[in-house]
Structure formats: structure tokens, C-alpha cells
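Structure file input_25.txt with compact mmCIF, C-alpha atoms and all ligand atoms:
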# COMPACT_ATOMS: atom_id res chain seq x y z
CA MET A 1 -13.28 15.57 18.83
CA ASP A 2 -11.39 12.50 19.97
CA GLY A 3 -10.85 8.95 18.73
CA ARG A 4 -14.23 7.85 20.11
CA GLY A 5 -16.18 10.24 17.83
CA MET A 6 -16.52 10.17 14.05
CA PRO A 7 -13.40 8.78 12.40
CA ILE A 8 -11.22 11.31 10.63
CA ASP A 9 -10.27 10.75 6.99
CA VAL A 10 -6.51 10.69 6.53
CA ILE A 11 -4.78 10.58 3.17
CA TYR A 12 -1.64 8.63 4.05
CA ILE A 13 1.26 8.83 1.62
CA ALA A 14 3.16 5.55 1.65
CA GLY A 15 6.29 4.58 -0.26
CA ALA A 16 10.07 4.33 -0.06
CA PRO A 17 12.01 7.40 1.13
CA ARG A 18 13.19 9.71 -1.72
CA SER A 19 10.11 8.91 -3.79
CA GLY A 20 8.85 12.49 -3.94
CA THR A 21 6.50 12.17 -0.98
CA THR A 22 7.20 15.65 0.40
CA ILE A 23 6.26 17.51 -2.79
CA LEU A 24 3.26 15.21 -3.26
CA SER A 25 2.01 16.06 0.23
CA GLN A 26 2.50 19.76 -0.50
CA LEU A 27 0.46 19.47 -3.71
CA LEU A 28 -2.34 17.64 -1.89
CA GLY A 29 -2.21 20.24 0.88
CA GLU A 30 -3.10 22.91 -1.70
CA LEU A 31 -6.48 21.27 -2.33
CA PRO A 32 -9.45 22.79 -0.53
CA GLY A 33 -10.55 20.75 2.48
CA LEU A 34 -7.20 18.99 2.94
CA PHE A 35 -4.60 19.90 5.56
CA ASN A 36 -1.02 18.62 5.19
CA VAL A 37 0.76 17.81 8.48
CA GLY A 38 3.90 16.40 6.81
CA GLU A 39 5.38 13.27 8.41
CA ALA A 40 3.22 13.04 11.51
CA ARG A 41 5.03 10.02 12.95
CA PHE A 42 7.94 12.35 13.78
CA LEU A 43 5.77 14.95 15.54
CA TRP A 44 6.69 13.94 19.08
CA ARG A 45 10.39 13.65 18.36
CA GLN A 46 10.24 17.10 16.75
CA VAL A 47 8.40 18.56 19.75
CA LEU A 48 10.99 17.11 22.15
CA SER A 49 13.96 18.27 20.06
CA SER A 50 12.65 21.76 19.19
CA GLY A 51 12.44 20.86 15.48
CA ARG A 52 11.17 23.28 12.88
CA CYS A 53 7.66 23.60 11.47
CA GLY A 54 7.22 24.03 7.69
CA CYS A 55 6.42 27.71 8.36
CA GLY A 56 10.02 28.17 9.51
CA THR A 57 9.54 28.70 13.26
CA ARG A 58 10.23 26.13 15.97
CA LEU A 59 7.34 23.72 16.18
CA ILE A 60 6.69 24.56 19.82
CA ALA A 61 6.59 28.29 18.95
CA CYS A 62 4.34 27.93 15.87
CA ASP A 63 0.89 29.43 16.61
CA PHE A 64 -0.89 26.65 14.73
CA TRP A 65 0.78 23.79 16.59
CA ARG A 66 0.55 25.55 19.95
CA GLU A 67 -3.22 25.65 19.48
CA VAL A 68 -3.42 22.03 18.27
CA LEU A 69 -1.16 20.56 20.94
CA THR A 70 -2.98 22.48 23.66
CA ASP A 71 -6.40 21.36 22.45
CA SER A 72 -5.62 17.76 21.57
CA PRO A 73 -6.45 15.19 24.23
CA VAL A 74 -2.83 14.16 24.64
CA PRO A 75 -2.23 13.44 28.35
CA SER A 76 -0.95 16.34 30.43
CA GLY A 77 1.72 16.64 33.15
CA ASP A 78 3.95 13.62 33.76
CA ASP A 79 1.69 11.43 31.61
CA ARG A 80 2.24 13.78 28.69
CA THR A 81 6.01 13.59 29.03
CA ARG A 82 5.84 9.80 29.25
CA THR A 83 3.61 9.58 26.16
CA LEU A 84 5.88 11.89 24.18
CA ALA A 85 8.98 9.94 25.15
CA ALA A 86 7.34 6.58 24.39
CA ALA A 87 6.12 7.85 21.02
CA ALA A 88 9.57 9.15 20.15
CA LEU A 89 11.08 5.78 21.03
CA THR A 90 8.73 3.75 18.87
CA HIS A 91 10.69 4.77 15.77
CA SER A 92 13.23 2.02 16.34
CA ARG A 93 10.35 -0.38 16.84
CA LEU A 94 8.76 0.72 13.55
CA ARG A 95 11.80 -0.61 11.69
CA THR A 96 11.49 -4.18 12.91
CA LEU A 97 7.71 -4.31 13.19
CA PRO A 98 6.95 -5.23 9.55
CA TRP A 99 8.92 -8.43 9.84
CA GLU A 100 7.19 -9.26 13.12
CA LEU A 101 3.85 -8.70 11.43
CA VAL A 102 4.73 -10.95 8.54
CA VAL A 103 5.98 -13.67 10.89
CA ARG A 104 2.83 -13.43 12.98
CA ARG A 105 0.73 -13.50 9.76
CA LEU A 106 -0.80 -10.18 10.74
CA GLY A 107 -2.48 -11.89 13.69
CA GLY A 108 -0.56 -10.50 16.66
CA SER A 109 -1.45 -7.42 18.69
CA LEU A 110 0.67 -4.29 18.42
CA PRO A 111 3.19 -3.31 21.10
CA ARG A 112 1.63 -0.99 23.69
CA ALA A 113 3.99 1.94 23.01
CA LEU A 114 3.09 1.82 19.32
CA ARG A 115 -0.64 1.70 20.10
CA GLU A 116 -0.21 4.80 22.28
CA HIS A 117 1.82 6.53 19.59
CA ALA A 118 -0.92 5.88 17.01
CA ALA A 119 -3.70 6.97 19.42
CA ALA A 120 -1.89 10.22 20.29
CA THR A 121 -1.32 10.94 16.58
CA ILE A 122 -4.99 10.29 15.76
CA ALA A 123 -5.99 12.76 18.49
CA VAL A 124 -3.72 15.29 16.81
CA TYR A 125 -5.28 14.61 13.39
CA HIS A 126 -8.69 15.50 14.84
CA ALA A 127 -7.42 18.64 16.57
CA ALA A 128 -5.42 19.78 13.49
CA ALA A 129 -8.40 19.28 11.16
CA ALA A 130 -10.61 21.29 13.53
CA ALA A 131 -8.05 24.11 13.85
CA ALA A 132 -7.53 24.26 10.06
CA HIS A 133 -11.25 23.83 9.25
CA ALA A 134 -10.29 20.87 7.07
CA SER A 135 -12.33 17.76 6.27
CA ALA A 136 -9.31 15.48 5.89
CA ILE A 137 -5.63 15.31 6.84
CA VAL A 138 -2.66 14.55 4.58
CA ASP A 139 0.07 12.57 6.39
CA ALA A 140 3.31 11.87 4.47
CA SER A 141 4.72 9.48 7.10
CA LYS A 142 5.57 6.81 4.44
CA SER A 143 6.25 4.02 6.95
CA PRO A 144 4.22 0.84 6.30
CA SER A 145 4.35 -0.13 9.98
CA PHE A 146 3.02 3.21 11.20
CA ALA A 147 0.24 3.00 8.60
CA TYR A 148 -0.60 -0.46 9.89
CA ALA A 149 -0.65 0.80 13.49
CA LEU A 150 -3.10 3.53 12.45
CA THR A 151 -5.43 1.14 10.63
CA ALA A 152 -5.46 -1.09 13.72
CA SER A 153 -6.62 1.90 15.84
CA GLU A 154 -9.97 3.57 16.45
CA GLY A 155 -10.96 6.99 15.16
CA VAL A 156 -9.30 7.10 11.75
CA ARG A 157 -10.10 6.07 8.17
CA LEU A 158 -6.88 5.64 6.19
CA HIS A 159 -6.85 6.42 2.46
CA VAL A 160 -3.48 5.20 1.27
CA VAL A 161 -1.72 6.85 -1.65
CA HIS A 162 1.21 4.58 -2.51
CA VAL A 163 3.77 6.58 -4.47
CA VAL A 164 6.39 4.64 -6.40
CA ARG A 165 9.46 6.03 -8.12
CA ASP A 166 11.92 4.35 -10.48
CA PRO A 167 14.28 2.41 -8.16
CA ARG A 168 17.32 3.60 -10.14
CA ALA A 169 16.39 7.19 -9.30
CA VAL A 170 15.74 6.32 -5.64
CA VAL A 171 18.97 4.34 -5.22
CA HIS A 172 20.95 7.10 -6.95
CA SER A 173 19.41 9.66 -4.59
CA TRP A 174 20.29 7.55 -1.53
CA LEU A 175 23.85 7.04 -2.74
CA ARG A 176 24.24 10.74 -3.59
CA SER A 177 23.58 11.49 0.07
CA GLN A 178 26.55 9.22 0.99
CA SER A 179 28.95 10.70 -1.54
CA GLY A 180 31.70 10.91 1.11
CA ALA A 181 31.77 7.11 1.50
CA SER A 182 34.40 4.90 -0.17
CA ALA A 183 33.73 3.21 -3.53
CA ARG A 184 33.51 -0.16 -1.75
CA VAL A 185 30.89 1.05 0.71
CA ARG A 186 28.94 2.68 -2.12
CA GLY A 187 29.15 -0.55 -4.16
CA ARG A 188 27.64 -2.47 -1.27
CA GLY A 189 25.12 0.34 -0.92
CA VAL A 190 23.64 -0.27 -4.37
CA LEU A 191 22.53 -3.80 -3.52
CA TYR A 192 21.35 -2.84 -0.04
CA SER A 193 19.42 0.15 -1.40
CA ALA A 194 17.79 -1.92 -4.16
CA LEU A 195 16.58 -4.44 -1.58
CA LYS A 196 15.42 -1.64 0.72
CA TRP A 197 13.36 -0.09 -2.09
CA SER A 198 11.74 -3.47 -2.73
CA ALA A 199 11.08 -4.06 0.99
CA TRP A 200 9.30 -0.73 1.53
CA ASN A 201 7.07 -1.29 -1.50
CA VAL A 202 6.36 -4.96 -0.84
CA LEU A 203 5.40 -4.21 2.76
CA THR A 204 3.15 -1.37 1.67
CA GLU A 205 1.29 -3.76 -0.63
CA LEU A 206 1.36 -6.65 1.82
CA ILE A 207 0.43 -5.10 5.16
CA VAL A 208 -0.99 -1.63 4.40
CA ARG A 209 -3.10 -2.13 1.30
CA PRO A 210 -5.43 -4.83 2.76
CA SER A 211 -6.17 -2.78 5.89
CA ALA A 212 -6.68 0.64 4.24
CA ALA A 213 -10.14 2.13 3.62
CA THR A 214 -9.04 3.02 0.07
CA TYR A 215 -5.80 2.47 -1.81
CA ALA A 216 -4.41 4.18 -4.89
CA ARG A 217 -0.98 3.83 -6.43
CA LEU A 218 0.72 6.47 -8.51
CA ARG A 219 4.13 7.03 -10.02
CA TYR A 220 6.16 10.01 -8.90
CA GLU A 221 7.30 10.54 -12.50
CA ASP A 222 3.70 10.91 -13.73
CA VAL A 223 2.89 13.47 -11.02
CA ALA A 224 6.11 15.42 -11.60
CA ARG A 225 5.42 15.64 -15.34
CA ALA A 226 1.82 16.78 -14.99
CA PRO A 227 1.09 18.00 -11.44
CA ALA A 228 -2.30 19.45 -12.42
CA ALA A 229 -3.50 15.95 -13.34
CA LEU A 230 -2.72 14.64 -9.86
CA LEU A 231 -6.34 14.11 -8.89
CA SER A 232 -7.02 12.01 -11.98
CA HIS A 233 -4.52 9.48 -10.58
CA ILE A 234 -6.25 9.32 -7.24
CA ALA A 235 -9.92 9.68 -8.14
CA PRO A 236 -11.21 8.23 -4.84
CA LEU A 237 -9.65 11.21 -3.09
CA ALA A 238 -11.34 13.84 -5.22
CA SER A 239 -14.41 13.75 -3.01
CA GLN A 240 -12.26 14.43 0.07
CA ALA A 241 -10.89 17.52 -1.61
CA GLY A 242 -14.39 18.90 -2.11
CA PRO A 243 -15.97 20.33 -5.25
CA GLY A 244 -13.68 22.33 -7.46
CA GLY A 245 -10.57 20.79 -5.94
CA ARG A 246 -7.64 21.01 -8.35
CA ILE A 247 -3.95 21.83 -8.35
CA GLY A 248 -3.48 25.42 -9.48
CA LEU A 249 -0.79 26.12 -12.07
CA LEU A 250 0.81 29.47 -12.69
CA GLU A 251 -0.84 31.07 -15.70
CA GLY A 252 0.75 30.07 -18.99
CA GLU A 253 2.82 27.31 -17.36
CA THR A 254 2.36 23.54 -17.36
CA SER A 255 4.51 22.63 -14.38
CA VAL A 256 4.81 25.65 -12.08
CA VAL A 257 2.59 25.45 -9.03
CA GLU A 258 1.98 28.06 -6.37
CA LEU A 259 2.71 26.53 -2.97
CA SER A 260 1.41 28.13 0.23
CA THR A 261 3.29 28.29 3.51
CA ASN A 262 2.60 25.04 5.36
CA HIS A 263 2.75 23.70 8.89
CA THR A 264 4.39 20.35 8.22
CA VAL A 265 6.06 18.78 11.26
CA PHE A 266 8.78 16.86 9.37
CA GLY A 267 9.97 16.04 5.83
CA ASN A 268 12.79 17.04 3.51
CA GLY A 269 13.97 20.60 2.95
CA GLN A 270 11.46 21.08 0.12
CA ARG A 271 8.75 21.68 2.74
CA PHE A 272 10.26 25.07 3.67
CA ILE A 273 9.77 26.36 0.11
CA SER A 274 6.64 28.30 -0.80
CA GLY A 275 5.60 30.51 -3.72
CA PRO A 276 5.97 29.49 -7.38
CA VAL A 277 7.75 26.13 -7.65
CA ARG A 278 8.58 24.23 -10.84
CA VAL A 279 7.68 20.57 -10.43
CA GLU A 280 9.70 18.26 -12.66
CA PRO A 281 11.25 14.80 -12.27
CA ASP A 282 14.84 14.71 -11.02
CA GLU A 283 16.45 12.32 -13.49
CA GLU A 284 20.11 12.91 -12.77
CA TRP A 285 20.63 9.14 -12.44
CA ARG A 286 20.28 8.77 -16.23
CA VAL A 287 23.62 10.49 -16.75
CA ALA A 288 25.34 10.07 -13.38
CA MET A 289 24.71 6.43 -12.48
CA SER A 290 27.12 3.71 -13.65
CA ARG A 291 25.92 0.87 -15.92
CA ARG A 292 26.94 -1.62 -13.28
CA ALA A 293 24.89 0.11 -10.57
CA ARG A 294 21.86 0.29 -12.87
CA ALA A 295 22.17 -3.40 -13.73
CA THR A 296 22.37 -4.33 -10.04
CA VAL A 297 19.26 -2.29 -9.24
CA ILE A 298 17.33 -3.85 -12.13
CA ALA A 299 18.37 -7.38 -11.11
CA PHE A 300 17.23 -6.93 -7.51
CA THR A 301 14.01 -4.99 -8.11
CA TRP A 302 12.86 -6.67 -11.33
CA PRO A 303 9.42 -8.03 -10.36
CA LEU A 304 8.28 -4.70 -8.89
CA LEU A 305 10.08 -2.67 -11.57
CA ARG A 306 7.86 -4.40 -14.12
CA ARG A 307 4.76 -4.27 -11.97
CA TYR A 308 5.04 -0.49 -11.63
CA GLY A 309 5.74 0.06 -15.34
CA PHE A 310 9.40 1.09 -15.09
CA ASN A 311 10.35 -1.47 -17.72
CA GLY A 312 12.63 -0.86 -20.70
CA ARG A 313 9.98 -0.04 -23.28
CA ASP A 314 8.35 2.55 -21.07
CA LEU A 315 11.65 4.19 -20.26
CA ARG A 316 12.66 4.48 -23.93
CA ARG A 317 9.41 6.30 -24.56
CA ILE A 318 10.10 8.66 -21.68
CA ALA A 319 13.68 9.27 -22.84
CA LEU A 320 12.50 10.68 -26.20
ZN ZN A 401 3.97 26.37 11.62

What is this structure when it is put down as C-alpha cells?
Ligand SMILES: [Zn+2]
Amino acid sequence: MDGRGMPIDVIYIAGAPRSGTTILSQLLGELPGLFNVGEARFLWRQVLSSGRCGCGTRLIACDFWREVLTDSPVPSGDDRTRTLAAAALTHSRLRTLPWELVVRRLGGSLPRALREHAAATIAVYHAAAAAAHASAIVDASKSPSFAYALTASEGVRLHVVHVVRDPRAVVHSWLRSQSGASARVRGRGVLYSALKWSAWNVLTELIVRPSAATYARLRYEDVARAPAALLSHIAPLASQAGPGGRIGLLEGETSVVELSTNHTVFGNGQRFISGPVRVEPDEEWRVAMSRRARATVIAFTWPLLRRYGFNGRDLRRIAL
């Protein structure tokens, strides 16, 4: 089926990087009727660079993706190469697009390369759902601009799950990944990271939420504490998961889930892990982050910090 047929339902996970989107997509992928493709916006770059599938093999050697990419109506021959290259290049465009959209008051048309990237991805959603016998796709792409490009395209119905995580945890995670940098660079990084967290979340609310078919917001911390209750946070999605859809816990456990092998095209290293996995919030920032860094993050994320319930009172309750 292509973009001109029935639209495909896609559960799109939006939110700032390091907000737990990979594990959330894996949990959703365990529900009957849903197929998790990981971060689909990186598919073409992964195909061109021989990246790995979640099942561990090269994407181009994975039986599932070979079938999907052969069957999907992505152009063939030279056109195919051009489309793949254009789609891979739109990543730099995705970074500046939100600001263009805001400036144009959401009225302007999308750049052609981005329209083609979205159309090619939607064709893949249809082919992947057919190959996996799924009724809906889970895409953990996160990017607000890519979500907007999808909602402006034919052939897809976007159900946005906006996952938010305490900005102190997110900033700490970003800084941890730059631990080799000097103290001065890291100091600057706190402010930059706090603003980046705000920007991703503001843009998700400003440009993605109004154009989505459905929108639900959940906190990573709530999911990580009680993964089995995931569907109660996103009730509109329960129907997509079909009757009896629920996250299975290991017997006698409250936070150990059994994850299947997946075919995600991109995401963090968590996606390569299958079998019993303990899901719990990573709260290292509470002991490892300086008071000054915490204060900076709070000062520059305050309105959203409150809006999402990461205020002082709530955190004291959690700390008990
Ligand atoms: Zn695979």
C-alpha cells in the first residue's frame, strides 16, 4: 500500500534526546499490533553507511529490511540513489527548520528534499507494517521538525507521544557524554543544554501538537517506575495496540520486562538488548551533579519544569 491508500497510524515518540525514548519505543513495540522501527528519520543514512539493525546484523543484510526496502515504492535505479542521498542530507535542514516554521507562522511550504524524505519514510511505514502484520508503527524519531514534515504529508496519521524527563537528568546525561571536555566548556554546556531541552519541548508543543491526530504527554520517570502501567498514560493508543494489549512483566517482578529482538533502524545502544530487562529511572544526577549546575538548569527551564511537574514538592516526594 502506498501514500495514496488508507493512511497508516504511526505512534511518534517526540521529546528531547536522552529522555528515555529508546526504551519507551521498545516497550510499545512489545504490544500486539504495534511494530517499532526505532528512529526512522535515520533510515536512509543508516542504509547508505551500512549501519546496524536492532537485531544485530547490518541493516542492508537484515532479512526484514531487505523485504521492506525491496517492496516499498521508493524509487529505483538512479532515482533511488538520489532520494536516499537527499533524505540523508535533510538532517542538517531538520535542525534549522523549526525556527523557519516559527518565523513563517507555520504558513510556508516545506523544502522539497524534506517532503521527499517524509514521503519515502511513509512508504516504508506502510511496507514495514505489511511485512510485520502490524496495524500501527512506532517511530522514535523525536525530532519536532520531522514530525511536522510527516503531518504535512499524505498517507499517515500521527499519534504523538511526547515524553518529558527531568531537565537536570537530561542535562547531566548530555554532559556525562562530554566528560573529556574542560571544566569551562562543561560550564558553558550546562546553560546551552538547559536551553536545548527547553527548545525541543517547546517546539514539540508549538509545532507538533496542533498538527497531530492525537497527542499524549508522559513523564519518563513515571514509565520507568511502573512500565506495566504505560498504557494508562496513553489511553488513546490502547485501541491501536488491540484488545489485551499490555506490557508483560516477568513473574513476581514489578519492573523487569521481557524484550524481544527488534528491527530498529537507529537509536541508542539499549536497542540491541533483548531478554529480561530491569526498567528503572537513571537518577545519577541527584548525587553527581553540582548545586551550581542544578541551579542553572532550574533557572533556564523553570516554566516547563513546573508545567511538567518536576517542581520541588514533587521531587521531595520522589526522593523519599
Ligand atoms: Zn533486523

(request) Throw together the list of residues within 6 Å of ligand ZN 401 (chain A), counting only C-alpha atoms and all ligand atoms, and drop it here as JSON, numbers by chain. (result) {"A": [53, 54, 55, 62, 64, 263]}

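In this structure, CA of Arg45 in chain A sits 16.4 Å away from CA of Arg115 in chain A.
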
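Distance annotation: of A:Asn262, A:His126, A:Ile137, A:Pro111, the residue with the minimal separation from Leu69 in chain A is A:His126; atom set is only C-alpha atoms.
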
(message) For range 300-311 of chain A, find every residue with an atom within 9 Å (counting only C-alpha atoms), except residues of its own chain fewer than 6 positions away, and show them as a PyMOL selection string.
(response) chain A and resi 164-167+191+194-195+197-198+201-202+218-219

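Between Thr296 in chain A and the candidates A:His172, A:Val279, A:Gln270, A:Ser177, the tightest atom-to-atom separation, counting only C-alpha atoms, involves A:His172.
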
(message) Considering all atoms listed in the file, can you say which of A:Ser193, A:Thr121, A:Ser211, A:Ser255 comes closest to His159 in chain A?
(response) A:Ser211

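Residue nearest Thr22 in chain A, chosen from A:Val223, A:Ala140, A:Val68, A:Ala131 and counting all atoms listed in the file: A:Ala140.
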
(request) Tell me which protein, DNA and RNA residues are within 12 Å of Thr204 in chain A, counting only C-alpha atoms, leaving out same-chain ones fewer than 6 positions away, and put them as an MDAnalysis selection string. (result) chainID A and resid 12:16 98 102 142:148 160:164 197:198 210:212 215:217

Surrounding residues of Ala61 in chain A excluding itself and chain neighbours under 5 positions, 10 Å, all atoms listed in the file, as a compact mmCIF listing (two decimals) with C-alpha atoms, in the coordinates of the input:
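part01.txt written:
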# COMPACT_ATOMS: atom_id res chain seq x y z
CA VAL A 47 8.40 18.56 19.75
CA SER A 50 12.65 21.76 19.19
CA ARG A 52 11.17 23.28 12.88
CA CYS A 53 7.66 23.60 11.47
CA ARG A 66 0.55 25.55 19.95

(request) Select, counting only C-alpha atoms, all protein, DNA and RNA residues no farther than 12 Å from (3.9, 20.5, 8.5) in file coordinates, and express the selection as JSON, numbers by chain. (result) {"A": [22, 23, 25, 26, 29, 35, 36, 37, 38, 39, 40, 41, 42, 43, 46, 51, 52, 53, 54, 55, 56, 57, 58, 59, 62, 64, 65, 125, 128, 137, 138, 139, 140, 141, 260, 261, 262, 263, 264, 265, 266, 267, 268, 269, 270, 271, 272, 273]}

For the selection just defined, write its residues with C-alpha atoms to a file, as an mmCIF file, keeping the file's coordinate frame.
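Dumped to selection_18.cif:
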data_model
loop_
_atom_site.group_PDB
_atom_site.id
_atom_site.type_symbol
_atom_site.label_atom_id
_atom_site.label_comp_id
_atom_site.auth_asym_id
_atom_site.auth_seq_id
_atom_site.Cartn_x
_atom_site.Cartn_y
_atom_site.Cartn_z
ATOM 1 C CA THR A 22 7.200 15.650 0.400
ATOM 2 C CA ILE A 23 6.260 17.510 -2.790
ATOM 3 C CA SER A 25 2.010 16.060 0.230
ATOM 4 C CA GLN A 26 2.500 19.760 -0.500
ATOM 5 C CA GLY A 29 -2.210 20.240 0.880
ATOM 6 C CA PHE A 35 -4.600 19.900 5.560
ATOM 7 C CA ASN A 36 -1.020 18.620 5.190
ATOM 8 C CA VAL A 37 0.760 17.810 8.480
ATOM 9 C CA GLY A 38 3.900 16.400 6.810
ATOM 10 C CA GLU A 39 5.380 13.270 8.410
ATOM 11 C CA ALA A 40 3.220 13.040 11.510
ATOM 12 C CA ARG A 41 5.030 10.020 12.950
ATOM 13 C CA PHE A 42 7.940 12.350 13.780
ATOM 14 C CA LEU A 43 5.770 14.950 15.540
ATOM 15 C CA GLN A 46 10.240 17.100 16.750
ATOM 16 C CA GLY A 51 12.440 20.860 15.480
ATOM 17 C CA ARG A 52 11.170 23.280 12.880
ATOM 18 C CA CYS A 53 7.660 23.600 11.470
ATOM 19 C CA GLY A 54 7.220 24.030 7.690
ATOM 20 C CA CYS A 55 6.420 27.710 8.360
ATOM 21 C CA GLY A 56 10.020 28.170 9.510
ATOM 22 C CA THR A 57 9.540 28.700 13.260
ATOM 23 C CA ARG A 58 10.230 26.130 15.970
ATOM 24 C CA LEU A 59 7.340 23.720 16.180
ATOM 25 C CA CYS A 62 4.340 27.930 15.870
ATOM 26 C CA PHE A 64 -0.890 26.650 14.730
ATOM 27 C CA TRP A 65 0.780 23.790 16.590
ATOM 28 C CA TYR A 125 -5.280 14.610 13.390
ATOM 29 C CA ALA A 128 -5.420 19.780 13.490
ATOM 30 C CA ILE A 137 -5.630 15.310 6.840
ATOM 31 C CA VAL A 138 -2.660 14.550 4.580
ATOM 32 C CA ASP A 139 0.070 12.570 6.390
ATOM 33 C CA ALA A 140 3.310 11.870 4.470
ATOM 34 C CA SER A 141 4.720 9.480 7.100
ATOM 35 C CA SER A 260 1.410 28.130 0.230
ATOM 36 C CA THR A 261 3.290 28.290 3.510
ATOM 37 C CA ASN A 262 2.600 25.040 5.360
ATOM 38 C CA HIS A 263 2.750 23.700 8.890
ATOM 39 C CA THR A 264 4.390 20.350 8.220
ATOM 40 C CA VAL A 265 6.060 18.780 11.260
ATOM 41 C CA PHE A 266 8.780 16.860 9.370
ATOM 42 C CA GLY A 267 9.970 16.040 5.830
ATOM 43 C CA ASN A 268 12.790 17.040 3.510
ATOM 44 C CA GLY A 269 13.970 20.600 2.950
ATOM 45 C CA GLN A 270 11.460 21.080 0.120
ATOM 46 C CA ARG A 271 8.750 21.680 2.740
ATOM 47 C CA PHE A 272 10.260 25.070 3.670
ATOM 48 C CA ILE A 273 9.770 26.360 0.110
#

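When only C-alpha atoms are used to compute distances to Ser290 in chain A, the closest of the residues A:Pro276, A:Glu258, A:Ala224, A:Leu175 turns out to be A:Leu175.
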
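Considering the residues A:Ile8, A:Ala134, A:Val170, A:Leu27 and counting all atoms listed in the file, Ser274 in chain A has its shortest atom-to-atom contact with A:Leu27.
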
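The space between CA of Thr254 in chain A and CA of Gly20 in chain A spans 18.6 Å.
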